[in-house]
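*Asks:* If it helps, the file is called coords37.cif and holds mmCIF, C-alpha atoms:
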```cif
data_protein
loop_
_atom_site.label_atom_id
_atom_site.label_comp_id
_atom_site.auth_asym_id
_atom_site.auth_seq_id
_atom_site.Cartn_x
_atom_site.Cartn_y
_atom_site.Cartn_z
CA VAL A 18 58.17 90.56 111.46
CA PRO A 19 60.80 92.24 109.24
CA VAL A 20 64.14 90.53 109.96
CA LYS A 21 67.35 91.12 108.02
CA ASN A 22 68.12 88.21 105.68
CA GLY A 23 64.67 86.76 106.42
CA LEU A 24 61.65 86.36 104.16
CA MET A 25 60.36 89.74 105.38
CA ASP A 26 63.72 91.52 105.10
CA PRO A 27 63.12 95.32 105.05
CA ARG A 28 65.15 95.47 101.82
CA LEU A 29 62.51 93.39 100.01
CA GLY A 30 59.95 96.17 100.44
CA SER A 31 57.86 97.92 103.06
CA ILE A 32 54.84 96.07 104.47
CA ASP A 33 54.27 98.40 107.42
CA ARG A 34 52.78 101.86 107.04
CA ASN A 35 55.11 103.07 109.79
CA LEU A 36 58.29 101.84 108.10
CA LYS A 37 60.03 102.84 104.88
CA CYS A 38 61.64 100.39 102.48
CA ALA A 39 65.33 99.86 103.20
CA THR A 40 66.07 99.73 99.46
CA CYS A 41 64.12 102.58 97.85
CA ALA A 42 63.15 104.56 101.00
CA MET A 43 59.49 104.69 99.91
CA ASP A 44 56.54 103.88 102.15
CA HIS A 45 54.32 100.84 101.79
CA SER A 46 51.92 102.57 99.38
CA GLU A 47 54.65 103.55 96.88
CA CYS A 48 57.29 100.82 97.21
CA PRO A 49 56.93 98.34 94.30
CA GLY A 50 58.84 95.60 96.14
CA HIS A 51 62.28 94.19 95.37
CA PHE A 52 63.29 90.60 94.67
CA GLY A 53 65.80 88.82 96.87
CA HIS A 54 67.48 85.47 96.34
CA LEU A 55 68.28 82.28 98.21
CA GLU A 56 71.47 80.38 97.40
CA LEU A 57 70.73 76.65 97.52
CA VAL A 58 73.15 74.35 99.34
CA LYS A 59 72.87 71.91 96.42
CA PRO A 60 71.68 72.33 92.81
CA MET A 61 68.16 71.20 91.96
CA TYR A 62 66.65 70.18 88.63
CA HIS A 63 64.39 72.83 87.10
CA VAL A 64 61.27 70.78 86.38
CA SER A 65 60.63 72.62 83.10
CA PHE A 66 64.00 71.57 81.68
CA ILE A 67 64.40 67.93 82.73
CA ASP A 68 63.72 66.61 79.21
CA THR A 69 66.31 68.99 77.74
CA ILE A 70 68.79 68.06 80.48
CA VAL A 71 68.45 64.37 79.52
CA LYS A 72 68.96 65.16 75.81
CA THR A 73 72.05 67.23 76.61
CA LEU A 74 73.53 64.54 78.87
CA ARG A 75 73.15 62.03 76.04
CA CYS A 76 75.33 64.29 73.87
CA VAL A 77 78.35 64.69 76.14
CA CYS A 78 80.83 62.54 78.04
CA PHE A 79 79.84 61.53 81.56
CA ASN A 80 83.44 62.16 82.67
CA CYS A 81 84.95 65.04 80.64
CA SER A 82 81.83 66.72 79.16
CA LYS A 83 83.11 66.68 75.56
CA ILE A 84 80.63 65.97 72.76
CA LEU A 85 80.59 62.23 72.03
CA GLY A 86 81.43 60.83 68.61
CA ASP A 87 84.51 59.77 66.70
CA GLU A 88 87.72 61.72 67.24
CA PRO A 89 87.05 65.07 65.47
CA ALA A 90 90.12 64.97 63.20
CA LYS A 91 91.92 62.01 61.62
CA GLU A 92 95.71 61.70 61.46
CA ASP A 93 95.74 63.35 58.03
CA GLY A 94 93.80 66.33 59.43
CA GLU A 95 90.54 65.42 57.68
CA LEU A 96 87.34 65.63 59.74
CA SER A 97 85.86 62.32 60.88
CA ASN A 98 82.40 61.30 59.69
CA ASP A 99 80.83 62.16 63.06
CA ALA A 100 82.59 65.54 63.08
CA LYS A 101 81.19 66.27 59.62
CA ARG A 102 77.68 65.31 60.75
CA ILE A 103 77.98 67.44 63.90
CA HIS A 104 79.27 70.35 61.80
CA ALA A 105 76.25 69.96 59.52
CA ALA A 106 73.94 69.87 62.55
CA THR A 107 75.33 73.16 63.87
CA ARG A 108 74.20 74.91 60.69
CA ARG A 109 70.57 74.35 61.61
CA LYS A 110 68.88 77.54 62.76
CA SER A 111 66.62 75.91 65.34
CA PRO A 112 68.52 75.24 68.61
CA ALA A 113 66.14 72.36 69.42
CA GLN A 114 66.82 70.71 66.04
CA ARG A 115 70.56 71.24 66.52
CA LEU A 116 70.48 69.51 69.92
CA ARG A 117 68.38 66.66 68.53
CA ALA A 118 70.71 66.15 65.55
CA VAL A 119 73.82 65.98 67.77
CA MET A 120 72.02 63.65 70.20
CA ASP A 121 71.18 61.24 67.37
CA ILE A 122 74.92 60.99 66.63
CA ALA A 123 76.18 60.85 70.21
CA LYS A 124 73.66 58.68 72.05
CA ALA A 125 74.91 55.44 70.48
CA LYS A 126 78.51 56.04 71.58
CA LYS A 127 79.48 53.94 74.59
CA GLU A 128 83.03 55.26 74.99
CA CYS A 129 84.43 58.79 74.91
CA TRP A 130 86.91 59.53 72.11
CA SER A 131 88.81 61.94 74.40
CA CYS A 132 89.13 60.26 77.82
CA SER A 133 87.99 56.69 76.93
CA ALA A 134 85.41 56.73 79.75
CA HIS A 135 82.48 54.33 79.39
CA GLN A 136 79.15 56.06 78.85
CA PRO A 137 75.80 55.27 80.49
CA SER A 138 72.36 55.49 78.99
CA PHE A 139 70.06 58.09 80.52
CA LYS A 140 66.38 57.72 81.28
CA LYS A 141 63.93 60.11 82.86
CA GLU A 142 61.67 58.57 85.51
CA GLY A 143 59.22 61.07 86.95
CA LEU A 144 61.29 64.00 88.20
CA ALA A 145 64.44 61.87 88.47
CA ILE A 146 67.12 60.94 85.94
CA ASN A 147 68.68 57.48 86.04
CA ALA A 148 72.02 56.54 84.49
CA GLU A 149 72.68 52.91 83.58
CA PHE A 150 76.11 51.56 82.62
CA LYS A 151 76.83 48.31 80.86
CA GLU A 152 78.55 47.03 84.00
CA ALA A 153 79.55 48.24 87.46
CA THR A 154 83.09 49.45 88.23
CA ASP A 155 85.02 50.63 91.28
CA GLU A 156 83.98 54.20 90.41
CA HIS A 157 80.24 53.65 89.96
CA GLU A 158 77.40 51.15 90.24
CA ARG A 159 75.78 49.71 87.15
CA LYS A 160 72.63 51.75 87.71
CA LEU A 161 72.41 54.96 89.69
CA GLU A 162 70.13 57.93 90.16
CA LEU A 163 71.85 60.96 88.71
CA THR A 164 71.70 63.73 91.28
CA ALA A 165 71.19 67.30 90.16
CA GLU A 166 74.59 68.05 91.72
CA LEU A 167 76.36 65.58 89.42
CA ALA A 168 74.30 66.61 86.37
CA HIS A 169 75.17 70.25 87.07
CA LYS A 170 78.89 69.33 87.24
CA ILE A 171 78.72 67.55 83.86
CA LEU A 172 76.78 70.35 82.17
CA LYS A 173 79.03 73.03 83.67
CA GLY A 174 82.05 71.28 82.13
CA ILE A 175 80.76 71.77 78.58
CA SER A 176 82.97 74.26 76.73
CA ASN A 177 81.52 77.41 75.16
CA ALA A 178 82.32 76.06 71.69
CA ASP A 179 80.45 72.81 72.39
CA CYS A 180 77.56 74.81 73.89
CA LYS A 181 77.10 76.50 70.52
CA ARG A 182 77.27 73.17 68.71
CA LEU A 183 74.49 71.88 70.97
CA GLY A 184 72.28 74.91 70.29
CA PHE A 185 72.96 76.86 73.50
CA ASN A 186 74.14 80.45 73.77
CA PRO A 187 76.98 80.32 76.33
CA GLU A 188 76.55 84.01 77.17
CA HIS A 189 72.83 83.93 77.86
CA ALA A 190 71.74 80.28 78.25
CA ARG A 191 74.39 77.80 79.35
CA PRO A 192 73.18 74.18 79.82
CA ASP A 193 74.19 74.12 83.51
CA TRP A 194 71.70 76.94 84.12
CA MET A 195 68.93 74.35 83.66
CA CYS A 196 69.79 73.29 87.22
CA VAL A 197 68.64 75.76 89.87
CA THR A 198 71.41 77.00 92.18
CA VAL A 199 69.81 80.29 93.24
CA LEU A 200 66.09 80.68 93.99
CA PRO A 201 64.42 84.08 93.51
CA VAL A 202 62.51 85.31 96.55
CA PRO A 203 59.55 87.53 95.59
CA PRO A 204 58.84 90.66 97.65
CA PRO A 205 56.11 90.77 100.33
CA GLN A 206 53.89 92.75 97.93
CA VAL A 207 53.53 89.57 95.88
CA ARG A 208 52.70 87.43 98.94
CA PRO A 209 50.91 89.74 101.40
CA SER A 210 49.88 88.58 104.86
CA ILE A 211 46.18 87.81 105.27
CA GLN A 212 44.09 89.49 107.96
CA MET A 213 42.08 86.84 109.77
CA ASP A 214 38.35 87.52 110.33
CA SER A 215 37.48 88.95 113.78
CA SER A 216 41.08 88.53 114.94
CA ALA A 217 44.18 90.64 115.31
CA ALA A 218 46.29 87.75 114.06
CA ARG A 219 47.54 87.62 110.47
CA GLY A 220 48.02 84.51 108.38
CA GLU A 221 50.82 84.08 105.85
CA ASP A 222 50.33 83.71 102.12
CA ASP A 223 50.74 80.18 100.72
CA LEU A 224 53.85 81.30 98.83
CA THR A 225 55.47 82.52 102.06
CA VAL A 226 54.60 79.23 103.80
CA LYS A 227 56.27 77.26 100.99
CA LEU A 228 59.32 79.55 101.06
CA VAL A 229 59.64 78.89 104.81
CA ASP A 230 59.71 75.14 104.07
CA ILE A 231 62.43 75.68 101.44
CA VAL A 232 64.54 77.80 103.81
CA LYS A 233 64.30 75.11 106.52
CA ALA A 234 65.23 72.34 104.08
CA ASN A 235 68.13 74.42 102.76
CA ARG A 236 69.94 74.59 106.12
#
```
For this file, write the structure as structure tokens.

*Replies:*
Amino acid sequence: VPVKNGLMDPRLGSIDRNLKCATCAMDHSECPGHFGHLELVKPMYHVSFIDTIVKTLRCVCFNCSKILGDEPAKEDGELSNDAKRIHAATRRKSPAQRLRAVMDIAKAKKECWSCSAHQPSFKKEGLAINAEFKEATDEHERKLELTAELAHKILKGISNADCKRLGFNPEHARPDWMCVTVLPVPPPQVRPSIQMDSSAARGEDDLTVKLVDIVKANR
């Protein structure tokens, strides 16, 4: 049943020959369907980007999100060795190679040059990311599962300049976008109801069933 702000919202497209689409005013035979979206109550890892998320987390501070390494400039204004290596890495054309080169420099650093925060090591286990510190403190346990919410906060704190150094385009592909905060909802034309044999009842498409589960879990 078409309900506003539901999975069969009339604005997503017409599925009834007696009703016109609330977005394009076309009938069900002409309306192409229109995508909606669902804002998630908490960020989720995008399964296709978990490996890249781990690599990026190894490059930046757990606390302030700055790229790890020695302090960029010495007292005399000369670039530090790490800063020179990071600068050389940013000249690589391949974004993946750029991220890898910076990670090779940063992953061995156990303290941030900017805020002096201790840094954990990151490890992917299935669809989860674990962070392990050298020792526990009042602020964190020695080993913890890094939630997508915390990972999103760290990645979102990366400056545009550091995004470019890591191989990301801050205008079109920021690292925090690898965590899902908004889920696209396809129109009914993509997930049509199924007419049951010898029955007036209609069954829902598998995609609609799964979207219902997501909506319930998102409350």

*Asks:* Just so the selection is clear, what residues does the PyMOL selection byres ((chain A and resi 142-144) around 10) cover here, as a PDB file with C-alpha atoms, in the frame of the given file?

*Replies:*
```pdb
ATOM      1  CA  TYR A  62      66.650  70.180  88.630  1.00  0.00           C
ATOM      2  CA  HIS A  63      64.390  72.830  87.100  1.00  0.00           C
ATOM      3  CA  VAL A  64      61.270  70.780  86.380  1.00  0.00           C
ATOM      4  CA  ILE A  67      64.400  67.930  82.730  1.00  0.00           C
ATOM      5  CA  ASP A  68      63.720  66.610  79.210  1.00  0.00           C
ATOM      6  CA  PHE A 139      70.060  58.090  80.520  1.00  0.00           C
ATOM      7  CA  LYS A 140      66.380  57.720  81.280  1.00  0.00           C
ATOM      8  CA  LYS A 141      63.930  60.110  82.860  1.00  0.00           C
ATOM      9  CA  ALA A 145      64.440  61.870  88.470  1.00  0.00           C
ATOM     10  CA  ILE A 146      67.120  60.940  85.940  1.00  0.00           C
ATOM     11  CA  ASN A 147      68.680  57.480  86.040  1.00  0.00           C
ATOM     12  CA  GLU A 162      70.130  57.930  90.160  1.00  0.00           C
TER      13      GLU A 162
END
```

*Asks:* When the PyMOL selection byres ((chain A and resi 78) around 10) is applied to the file above, which residues end up in the set, as JSON, numbers by chain?

*Replies:* {"A": [74, 75, 76, 77, 79, 80, 81, 82, 83, 84, 85, 86, 123, 126, 127, 128, 129, 130, 131, 132, 133, 134, 135, 136, 137, 171, 172, 174, 175]}

*Asks:* If we count all atoms listed in the file, what is near A:Pro209 at a cut-off of 9 Å, once residues fewer than 6 positions away on the same chain are taken out, given as a ChimeraX atom specification?

*Replies:* /A:32,221-222,225

*Asks:* Could you please determine the separation between atom CA of A:Leu116 and atom CA of A:Glu95 in Å, to one decimal place?

*Replies:* 23.9 Å

*Asks:* Any idea what the distance is between atom CA of A:Asn177 and atom CA of A:Ile70?

*Replies:*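 Going from atom CA of A:Asn177 over to atom CA of A:Ile70, I get 16.7 Å.
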
*Asks:* Restricting the calculation to all atoms listed in the file, which member of A:Arg191, A:Lys173, A:Ser210, A:Val119 is positioned closest to A:Asp33?

*Replies:*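 Between A:Arg191, A:Lys173, A:Ser210, A:Val119, the residue approaching A:Asp33 most closely is A:Ser210.
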
*Asks:* Pick the closest to A:Asn186 from A:Pro112, A:Cys38, A:Ser97, A:Leu161: which is it, counting only C-alpha atoms?

*Replies:*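 Of A:Pro112, A:Cys38, A:Ser97, A:Leu161, the one nearest A:Asn186 is A:Pro112, counting only C-alpha atoms.
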
*Asks:* Measuring atom to atom with all atoms listed in the file, identify which of A:Ala90, A:Val202, A:Ala190, A:Cys196 is nearest to A:Leu29.

*Replies:*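 Checking each of A:Ala90, A:Val202, A:Ala190, A:Cys196 against A:Leu29, counting all atoms listed in the file, the winner is A:Val202.
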
*Asks:* Just the number, please: distance in Å from atom CA of A:Ser65 to atom CA of A:Met120, one decimal.

*Replies:*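 Rounded to one decimal, the two atoms are 19.4 Å apart.
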
*Asks:* Of the candidates A:Lys72, A:Arg28, A:His51, A:Lys59, which shows the shortest atom-to-atom distance to A:Ala113, using all atoms listed in the file?

*Replies:*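 Of A:Lys72, A:Arg28, A:His51, A:Lys59, the one nearest A:Ala113, counting all atoms listed in the file, is A:Lys72.
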
*Asks:* Starting from the displayed file, determine the output of the PyMOL selection byres ((chain A and resi 236) around 12) and express the residue list as a list in words.

*Replies:*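 Taken on the displayed file, the PyMOL selection byres ((chain A and resi 236) around 12) yields the residues Leu55, Glu56, Leu57, Val58, Lys59, Val229, Asp230, Ile231, Val232, Lys233, Ala234 and Asn235 of chain A.
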
*Asks:* Looking at only C-alpha atoms, which of A:Ala168, A:Ala100, A:Leu228, A:Ile211 is the one that sits closest to A:Trp194?

*Replies:*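 Using only C-alpha atoms, A:Trp194 sits closest to A:Ala168.
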
*Asks:* Which residue, A:Arg182, A:Val199, A:Ile122, A:Cys41, has the smallest gap to A:Lys110 when you use only C-alpha atoms?

*Replies:* A:Arg182

*Asks:* Please put the answer as lines of an AutoDock Vina configuration file: centre and edge lengths, in Å with one decimal, of a box along x, y and z that encloses all listed atoms of stretch 54-64 of chain A plus 6 Å on each side.

*Replies:*
```
center_x = 67.2
center_y = 77.8
center_z = 92.9
size_x = 23.9
size_y = 27.3
size_z = 25.0
```
